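Asks: Take this structure, written in structure tokens, and hold onto it; I'll ask about it next.
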Amino acid sequence: MPTEPAIANAPVHSDRATPVLVEVENLAKHFPIMRGVFRRQVGSVRAVDGVNFRIHERETLGLVGESGCGKSTAGRVILRLYDPTAGRIAFRGEDIGDVHGESLRRLRQSMQMVFQDPQDSLNPRMTVGSIVGEPLVEHGVAKGRALDERVDELLNAVGLSARFANRYPHEFSGGQRQRIGIARALALEPEFIVCDEPIAALDVSIQAQVVNLLQDLQERLGLTYLFISHDLAMVRHIADRVAVMYLGKIVELAPSDELYREPLHPYTRALMSAAPVHDPELEAARERIILTGDVPSPANPPSGCRFNTRCPMATPECSVREPEWRELRPGHQVACHYAGDVERMPAIIKTGEPG
Amino acid sequence: MSGATATHPVLAVEDVRTRFHTQEGVVHAVNGIGFELGEGEVLGVVGESGSGKSVTMLSLLRLLPTPPAEIVSGSARLEGEDLMALDADRLREVRGARVGFIFQDPMTSLNPVLTVGYQLTEPLRLHLGMDKAAARERAAQLLDLVGIPEATRRLSDFPHQFSGGMRQRVMIAIALACSPKVLIADEPTTALDVTIQAQILDVVKRLRRELGMSIIWITHDLGVVAGLADRVMVMYGGQVVERADVKSLYARPKHPYTRGLLRTLPSPDAEGETSGRLASIPGHPPSLLQAPASCPFAPRCEHAFDRCQRENPMLQAVGEGHEVACFFDVDRGAPRAD
């Protein structure tokens with residue numbers, strides 16, 4: 001055993017190293033579909049449809065999935081930007097699914113969001129200083145000299161010069177704008193930040209800068225992240241545990257190294273095999289699972305297992321009976337009838353043609 | 001798979017220079033790009049936004065609005081004929097017939113009020129002089145070729161009735177309609193999900209094998225290029241900074257920018273390398289408001305020395321088919337001797 005505590009760099013994983021900060025149970029968000037003159041509801045888009053997970057203090061939970069799988073909606077419901085349709089959200093053990101008014105406002109100080117596109121999420125008519133300082137003013141935390149000092153401090157924390165406070169967002173590059181967005185999210189000293197595709201709009205050489213910044217801040221300030229992304233490699237790098245979402249449901253959740261080493265759900269396998277690897281030799285040699293068809297509509301999801309229409313190993317049972325969410329190994333949960341059947345899985349999976 | 005017969009290129013591009021006249025001044029977007037594309041070869045063009053990769057290709061076919069764009073110089077010989085010197089009528093015959101183009105966003109490049117069948121048969125009737133029935137039959141074959149189920153029925157559908165991945169397949173089918181010699185694909189899978197991207201890449205690899213097309217694949221994704229390209233050209237600040245066959249480029253990158261790019265990516269296959277920090281390239285891309293008089297990467301380069309601020313390096317051979325534009329020899333760890 002090392003003598004010095006390796007807290008800063010040690011992945012937290014699912015062991016009870018730190019207490020649970022955020023917990024969701026059977027969380028659902030359905031958006032109504034309205035038609036006709038009287039705007040009658042004719043159906044609903046089941047964007048998030050029964051999701052369970054916990055995020056421990058100082059942990060990063062990655063949430064991956066393709067567009068339309070409900071990952072962003074899940075993040076927004078947890079922050080109460082949307083009201084949940086069903087289920088429970090707890091923050092520090094306290095039910096927050098139903099808080100309103102002043103208590104919700106107070107709650108917002110502890111939970112913040114970093115958005116995908118810093119171009120769209122920063123008001124072009126406000127100076128950087130007023131963007132970053134707005135939450136402080138809004139929540140009555142600071143004003144006057146103290147406000148200016150805090151804004152300078154926040155800009156420095158994200159690697160921007162305090163001189164930039166009087167400039168406007170358009171004067172900055174994409175990476176710098178994302179730093180401004182992060183500074184604003186940090187203003188109220190939140191404990192929990194939902195990062196919704198924070199690097200998707202950035203160039204490759206800038207992505208690493210922003211990811212490093214998020215990791216530094218986490219270490220220094222003890223932050224907890226929900227990191228939503230479609231970039232599997234980046235999620236593996238930043239997250240302690242990863243949840244994979246498909247059509248409104250989480251299909252697999254595991255410590256990130258384990259998930260990437262040995263995915264148990266056929267969708268996770270397909271997703272990983274589809275992600276290109278930047279190594280020509282490996283690309284030519286490896287087998288690829290090519291899924292057929294498109295993601296079905298969340299307004300009318302398939303019966304049984306939602307992945308059954310595209311699953312290379314689906315059986316008739318899969319279209320009838322929904323797989324239960326079970327813990328197959330310590331900390332590794334999966335929803336698939338055949339997840340334990342490792343023998344069966346590679347045999348049935350169709351391999352793509354190499355190079 | 002080294003179909004690169006550089007001795008007899010299908011397309012030979014030389015010294016393309018393109019500028020944009022903007023309110024802030026003249027943007028030097030493309031500064032002397034040249035390359036050759038072999039028969040049946042896939043050339044990957046890698047670079048970040050603003051590196052000039054799309055503008056270069058759009059310049060070849062004169063698809064840029066002028067003004068604000070201005071093509072200062074350049075030639076692009078397609079089987080001997082210079083595309084950049086053609087008159088408008090002749091150019092229209094080339095576009096779509098001998099050179100196919102696929103754009104990033106299929107929703108903005110398909111006409112929303114015309115059926116997919118109409119958009120597919122139009123080039124066939126225009127360029128190949130097919131009658132309606134023959135064109136329709138060929139259109140259905142094309143949709144089938146790119147993997148769209150129930151092809152004949154779907155000809156009467158409008159673009160919005162297709163999903164993103166299917167729309168991109170329609171775009172590919174249109175680009176392939178007249179069996180072009182050269183297919184230029186500009187970030188065709190960037191807006192798509194990875195599982196759909198894998199499907200499209202699978203289709204492209206198959207088509208390339210079956211039809212023997214030459215392909216220029218523009219992307220910022222080094223992973224896609226690794227799996228698809230024979231040769232790779234890395235662009236930065238409107239210039240080519242490195243060019244090599246795909247294996248040497250990934251195994252022995254010579255330009256500090258290429259090396260930096262490859263280092264910044266977290267590798268999903270490196271065991272246990274998930275904690276710690278990513279290597280990053282400091283700074284941000286150049287503004288291009290000045291004509292390049294020095295190496296465009298110098299301000300962000302860890303190896304830059306005084307010469308890099310004074311001169312702009314030219315591409316020079318450093319191995320078989322491997323060229324780099326850099327004054328620093330990363331293998332020796334010292335400035336390159338001329």
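In the structure tokens, the first chain shown is A, the next is B, and so on; residue numbers restart at 1 for each chain, and ligands run from 1 in the order shown.
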Could you please tell me, as a ChimeraX atom specification, which residues of chain A have an atom within 6 Å of chain B when using only C-alpha atoms?
Replies: /A:66,203,205,208-209,233,237,274-280,283
Asks: Can you check which residues of stretch 190-322 of chain A DSSP gives as strand (DSSP E) on the backbone and send them as a list in words?
Replies: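 Restricting stretch 190-322 of chain A to strand (DSSP E) produces Phe192, Ile193, Val194, Cys195, Asp196, Thr224, Tyr225, Leu226, Phe227, Ile228, Ser229, Arg241, Val242, Ala243, Val244, Met245, Tyr246, Lys249, Ile250, Val251, Glu252, Leu253, Ala254 and Pro255 of chain A.
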Asks: For A:Pro32, please output as a compact mmCIF listing (two decimals) with N, CA, C and O atoms, in the first residue's frame all residues within 10 Å (counting only C-alpha atoms; exclusion window: fewer than 6 positions along the same chain).
Replies:
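What follows is the written file out39.txt:
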# COMPACT_ATOMS: atom_id res chain seq x y z
N ARG A 40 -54.75 18.65 -29.46
CA ARG A 40 -54.93 17.49 -28.59
C ARG A 40 -53.67 16.64 -28.60
O ARG A 40 -52.99 16.54 -29.61
N GLN A 41 -53.40 16.02 -27.47
CA GLN A 41 -52.23 15.17 -27.40
C GLN A 41 -52.52 13.84 -28.10
O GLN A 41 -53.48 13.15 -27.75
N VAL A 42 -51.70 13.52 -29.08
CA VAL A 42 -51.94 12.28 -29.82
C VAL A 42 -50.89 11.22 -29.51
O VAL A 42 -50.96 10.12 -30.02
N GLY A 43 -49.93 11.58 -28.70
CA GLY A 43 -48.90 10.60 -28.37
C GLY A 43 -47.83 11.28 -27.57
O GLY A 43 -48.00 12.44 -27.15
N SER A 44 -46.73 10.58 -27.32
CA SER A 44 -45.65 11.25 -26.63
C SER A 44 -44.31 10.68 -27.06
O SER A 44 -44.19 9.53 -27.43
N VAL A 45 -43.32 11.58 -27.04
CA VAL A 45 -41.95 11.16 -27.30
C VAL A 45 -41.35 10.76 -25.97
O VAL A 45 -41.24 11.58 -25.06
N ARG A 46 -40.99 9.50 -25.87
CA ARG A 46 -40.47 9.02 -24.59
C ARG A 46 -38.96 9.17 -24.58
O ARG A 46 -38.22 8.20 -24.74
N ALA A 299 -40.94 8.05 -30.21
CA ALA A 299 -42.38 8.21 -30.05
C ALA A 299 -43.07 6.85 -30.15
O ALA A 299 -44.21 6.69 -29.71
Asks: Hey, what's within 12 Å of A:Val99 if we count only C-alpha atoms and toss same-chain stuff fewer than 2 positions away? As a count of residues only, please?
Replies: 21
